[in-house]
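Data block below; observations after.
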Amino acid sequence: MADALKVGIAGLGTVGAAVVRLLSKHGGQIATKTGRAVTVTAVSARDRTRDRGIDVSAFEWFTDPVEMARTADIDIFVELIGGDNGPAEESVRAALSRGIHVVTANKALLARHGVELAVLAEANNACLNYEAAVAGGIPIVKTLRESMASNEISRIYGILNGTCNYILTRMEAEGISFQDCLSDAQRLGYAEADPTFDIEGNDTAHKLAILTSLAFGTEISSDDIYVEGITSITTADIQAADELGFRIKLLGVAQRTDTGIEQRVHPTMVPKSSAIARIDGVLNAVAVDGDFVGEIVLVGPGAGGNATASSVVADLTDIARGDETPVLGMPAAELNSYQRARMRLHEGGYYIRLSVYDRPGAFAEIARCMGEAGISLESIVQKRHANKDVPVKFDADMPQPVILITYETTEVAIKEALDVIMSKGVVSEQPQMIRIEKLN
């Protein structure tokens with residue numbers, strides 16, 4: 001058997017401690033399967049006295065992860081610090097510059113510096129593996145880099161944030177508000193004390209940027225993603241979606257078009273019959289459309305110490321086997337420049353919820369604005385407030401919810417039409433717009 005691989009772990013939080021436990025529990029079978037033991041020899045964290053449920057006495061201790069990356073006698077540097085700059089970036093660059101392999105769970109770092117780090121890794125004959133950075137325990141990076149390397153991919157999409165999926169699932173199941181769901185998610189540990197990064201779609205965008213590069217062979221371009229979170233979703237939208245045969249999910253979508261690559265993150269109405277509609281709670285799912293394999297869907301836990309540690313150790317196992325795959329699926333020099341697609345026809349149409357003043361001519365004004373923008377309406381539904389058994393009374397100052405479903409149209413046309421409708425004074429608040437995605 002070859003000499004053991006010596007591993008240094010920077011960051012001994014939930015994931016780091018789980019990696020140590022996993023290697024301790026299954027180190028023997030990993031050595032048997034790879035022909036090489038994988039052993040933690042060094043760690044870095046701020047507080048050595050903290051009880052993490054693991055014995056750290058046998059490890060060389062570093063308070064500075066950058067120092068560990070620069071000086072420790074290790075073969076692999078595992079970065080579990082987080083953040084797109086600072087110690088995480090500096091330590092990863094230091095390790096790669098020494099020719100030390102790097103395993104990371106840091107999607108923010110890769111979304112911002114992934115191409116540069118890929119070049120650095122290649123220049124120093126080092127691996128840079130990051131299965132845990134996207135969708136937790138789901139092996140989507142390995143699937144794209146290896147299993148689907150022979151397919152031309154036309155689209156990749158998925159539920160990439162468990163916090164948002166948990167909130168939307170509970171809003172539907174229990175009919176409670178976004179804010180109440182968020183508060184519960186924070187209490188249960190599914191959402192951070194400051195959940196902005198998750199609920200505004202930024203976490204999903206970072207993950208999507210990485211997947212886009214792997215799927216389409218382009219440089220990572222996290223700044224070219226349209227991002228919209230779930231804070232505007234109401235119980236009225238959830239109920240309307242259910243009545244129309246849809247569920248609302250926060251999706252990250254990237255697809256190839258004739259003008260470039262389109263990347264977008266936003267709440268989406270998906271048909272109840274689709275596989276992605278059935279993913280509830282904190283689970284993640286990623287769907288990939290390949291020209292030979294068709295559509296595949298991978299489902300699993302998107303976060304959590306054990307699931308993320310499983311992906312980290314999978315990367316360590318690949319290195320122990322001697323598997324060396326280009327960081328972004330092909331040599332960095334061969335990546336295409338990212339070409340952002342022009343606004344295009346959205347194949348699934350749009351759901352629009354308006355609060356319309358109950359005044360003569362209001363509906364005609366709305367229809368005229370839509371028609372002038374070239375938008376065809378599939379249906380118009382006027383909802384009723386409050387108890388359905390109470391007779392409706394005419395009140396010109398009491399806005400009524402009206403739902404429009406459009407046929408295929410462009411994003412530009414929809415937004416221009418809604419801006420005009422707002423200017424006419426026939427609605428009481430900003431219209432709600434949710435894309436309807438055509439899925440298999």
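Every chain in the structure tokens takes a letter, A first, then B, and so on in the order presented; its residues are numbered from 1, and the ligands are numbered from 1 following the presented order.
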
For this session: Pick out each residue of segment 31-127 of chain A that DSSP on the backbone tags as alpha helix (DSSP H); I need them as a PyMOL selection string.
Result: chain A and resi 31-34+65-71+86-97+107-123

For this session: Run DSSP on the backbone of this structure and report the residues of segment 300-434 of chain A it assigns to strand (DSSP E), as a ChimeraX atom specification.
Result: /A:300-301,345-346,350-356,377-382,400-406,409-410,432-434

Restrict the selected residues to N, CA and C atoms and save them as a tab-separated table (two decimals), in the first residue's frame.
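The file below, part-v1.tsv, is the result:
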chain	number	residue	atom	x	y	z
A	300	GLY	N	-31.01	15.01	-3.10
A	300	GLY	CA	-30.38	14.65	-1.84
A	300	GLY	C	-30.28	15.84	-0.91
A	301	PRO	N	-29.66	15.63	0.25
A	301	PRO	CA	-29.51	16.72	1.22
A	301	PRO	C	-28.55	17.78	0.69
A	345	LEU	N	-37.40	34.72	-25.67
A	345	LEU	CA	-38.74	34.21	-25.44
A	345	LEU	C	-38.73	33.28	-24.25
A	346	HIS	N	-39.57	33.53	-23.28
A	346	HIS	CA	-39.69	32.62	-22.14
A	346	HIS	C	-40.77	31.60	-22.47
A	350	TYR	N	-46.01	33.53	-18.08
A	350	TYR	CA	-45.88	34.22	-16.79
A	350	TYR	C	-47.19	34.20	-16.03
A	351	TYR	N	-47.05	34.15	-14.70
A	351	TYR	CA	-48.15	34.37	-13.77
A	351	TYR	C	-48.01	35.80	-13.27
A	352	ILE	N	-49.10	36.56	-13.31
A	352	ILE	CA	-49.08	37.95	-12.85
A	352	ILE	C	-50.26	38.14	-11.91
A	353	ARG	N	-49.97	38.66	-10.71
A	353	ARG	CA	-51.04	38.98	-9.76
A	353	ARG	C	-51.11	40.48	-9.59
A	354	LEU	N	-52.30	41.04	-9.85
A	354	LEU	CA	-52.55	42.47	-9.74
A	354	LEU	C	-53.59	42.75	-8.66
A	355	SER	N	-53.43	43.86	-7.97
A	355	SER	CA	-54.48	44.34	-7.06
A	355	SER	C	-55.18	45.49	-7.78
A	356	VAL	N	-56.34	45.18	-8.36
A	356	VAL	CA	-57.01	46.09	-9.29
A	356	VAL	C	-58.16	46.81	-8.59
A	377	LEU	N	-52.94	36.81	-23.54
A	377	LEU	CA	-53.34	36.26	-22.25
A	377	LEU	C	-54.04	34.93	-22.43
A	378	GLU	N	-53.56	33.94	-21.68
A	378	GLU	CA	-54.19	32.63	-21.70
A	378	GLU	C	-55.43	32.61	-20.82
A	379	SER	N	-55.37	33.32	-19.68
A	379	SER	CA	-56.53	33.35	-18.79
A	379	SER	C	-56.47	34.58	-17.90
A	380	ILE	N	-57.65	35.02	-17.44
A	380	ILE	CA	-57.79	36.10	-16.47
A	380	ILE	C	-58.74	35.59	-15.39
A	381	VAL	N	-58.28	35.62	-14.15
A	381	VAL	CA	-59.10	35.13	-13.04
A	381	VAL	C	-59.19	36.21	-11.99
A	382	GLN	N	-60.42	36.60	-11.63
A	382	GLN	CA	-60.60	37.56	-10.54
A	382	GLN	C	-60.88	36.78	-9.26
A	400	GLN	N	-59.14	44.51	-5.80
A	400	GLN	CA	-59.43	43.08	-5.86
A	400	GLN	C	-58.28	42.35	-6.55
A	401	PRO	N	-57.91	41.16	-6.04
A	401	PRO	CA	-56.83	40.41	-6.69
A	401	PRO	C	-57.27	39.84	-8.02
A	402	VAL	N	-56.45	40.07	-9.03
A	402	VAL	CA	-56.70	39.55	-10.38
A	402	VAL	C	-55.45	38.83	-10.84
A	403	ILE	N	-55.62	37.63	-11.37
A	403	ILE	CA	-54.50	36.82	-11.81
A	403	ILE	C	-54.53	36.68	-13.33
A	404	LEU	N	-53.42	36.99	-13.96
A	404	LEU	CA	-53.27	36.83	-15.40
A	404	LEU	C	-52.26	35.72	-15.67
A	405	ILE	N	-52.56	34.88	-16.62
A	405	ILE	CA	-51.60	33.89	-17.12
A	405	ILE	C	-51.34	34.21	-18.58
A	406	THR	N	-50.09	34.43	-18.94
A	406	THR	CA	-49.77	34.81	-20.31
A	406	THR	C	-49.30	33.60	-21.11
A	409	THR	N	-43.87	34.94	-24.04
A	409	THR	CA	-43.56	36.32	-24.35
A	409	THR	C	-42.17	36.61	-23.83
A	410	THR	N	-41.72	37.83	-24.00
A	410	THR	CA	-40.38	38.17	-23.53
A	410	THR	C	-40.43	38.86	-22.19
A	432	GLN	N	-47.17	41.43	-8.90
A	432	GLN	CA	-46.33	40.25	-8.65
A	432	GLN	C	-46.19	39.49	-9.96
A	433	MET	N	-44.96	39.11	-10.32
A	433	MET	CA	-44.71	38.34	-11.54
A	433	MET	C	-43.88	37.13	-11.20
A	434	ILE	N	-44.34	35.95	-11.62
A	434	ILE	CA	-43.59	34.70	-11.41
A	434	ILE	C	-43.55	33.96	-12.74

Within 10 Å of segment 75-95 of chain A: each segment 130-232 of chain A residue with its shortest pair, only C-alpha atoms, as a Markdown table:
| residue | atom | partner | partner_atom | distance |
| --- | --- | --- | --- | --- |
| A:Tyr130 | CA | A:Glu79 | CA | 9.7 |
| A:Ala132 | CA | A:Leu80 | CA | 9.9 |
| A:Ala133 | CA | A:Leu80 | CA | 9.9 |

Once you have the residues from the selection above, write them out as an mmCIF file, in the first residue's frame, restricted to N, CA, C and O atoms.
data_model
loop_
_atom_site.group_PDB
_atom_site.id
_atom_site.type_symbol
_atom_site.label_atom_id
_atom_site.label_comp_id
_atom_site.auth_asym_id
_atom_site.auth_seq_id
_atom_site.Cartn_x
_atom_site.Cartn_y
_atom_site.Cartn_z
ATOM 1 N N TYR A 130 -14.148 20.163 -5.341
ATOM 2 C CA TYR A 130 -15.115 21.009 -4.640
ATOM 3 C C TYR A 130 -16.530 20.448 -4.710
ATOM 4 O O TYR A 130 -17.502 21.191 -4.794
ATOM 5 N N ALA A 132 -18.420 19.404 -2.448
ATOM 6 C CA ALA A 132 -19.269 19.891 -1.361
ATOM 7 C C ALA A 132 -19.709 21.330 -1.545
ATOM 8 O O ALA A 132 -20.557 21.813 -0.782
ATOM 9 N N ALA A 133 -19.167 22.040 -2.533
ATOM 10 C CA ALA A 133 -19.513 23.457 -2.714
ATOM 11 C C ALA A 133 -20.884 23.651 -3.334
ATOM 12 O O ALA A 133 -21.468 24.729 -3.224
#

For this session: Go through A:Val427, A:Ala320, A:Ala303, A:Ala341 one by one, measure the shortest atom-to-atom distance of each to Thr32 of chain A using only C-alpha atoms, and give the residue with the smallest value.
Result: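 That would be A:Ala320, the residue with the smallest distance to Thr32 of chain A.
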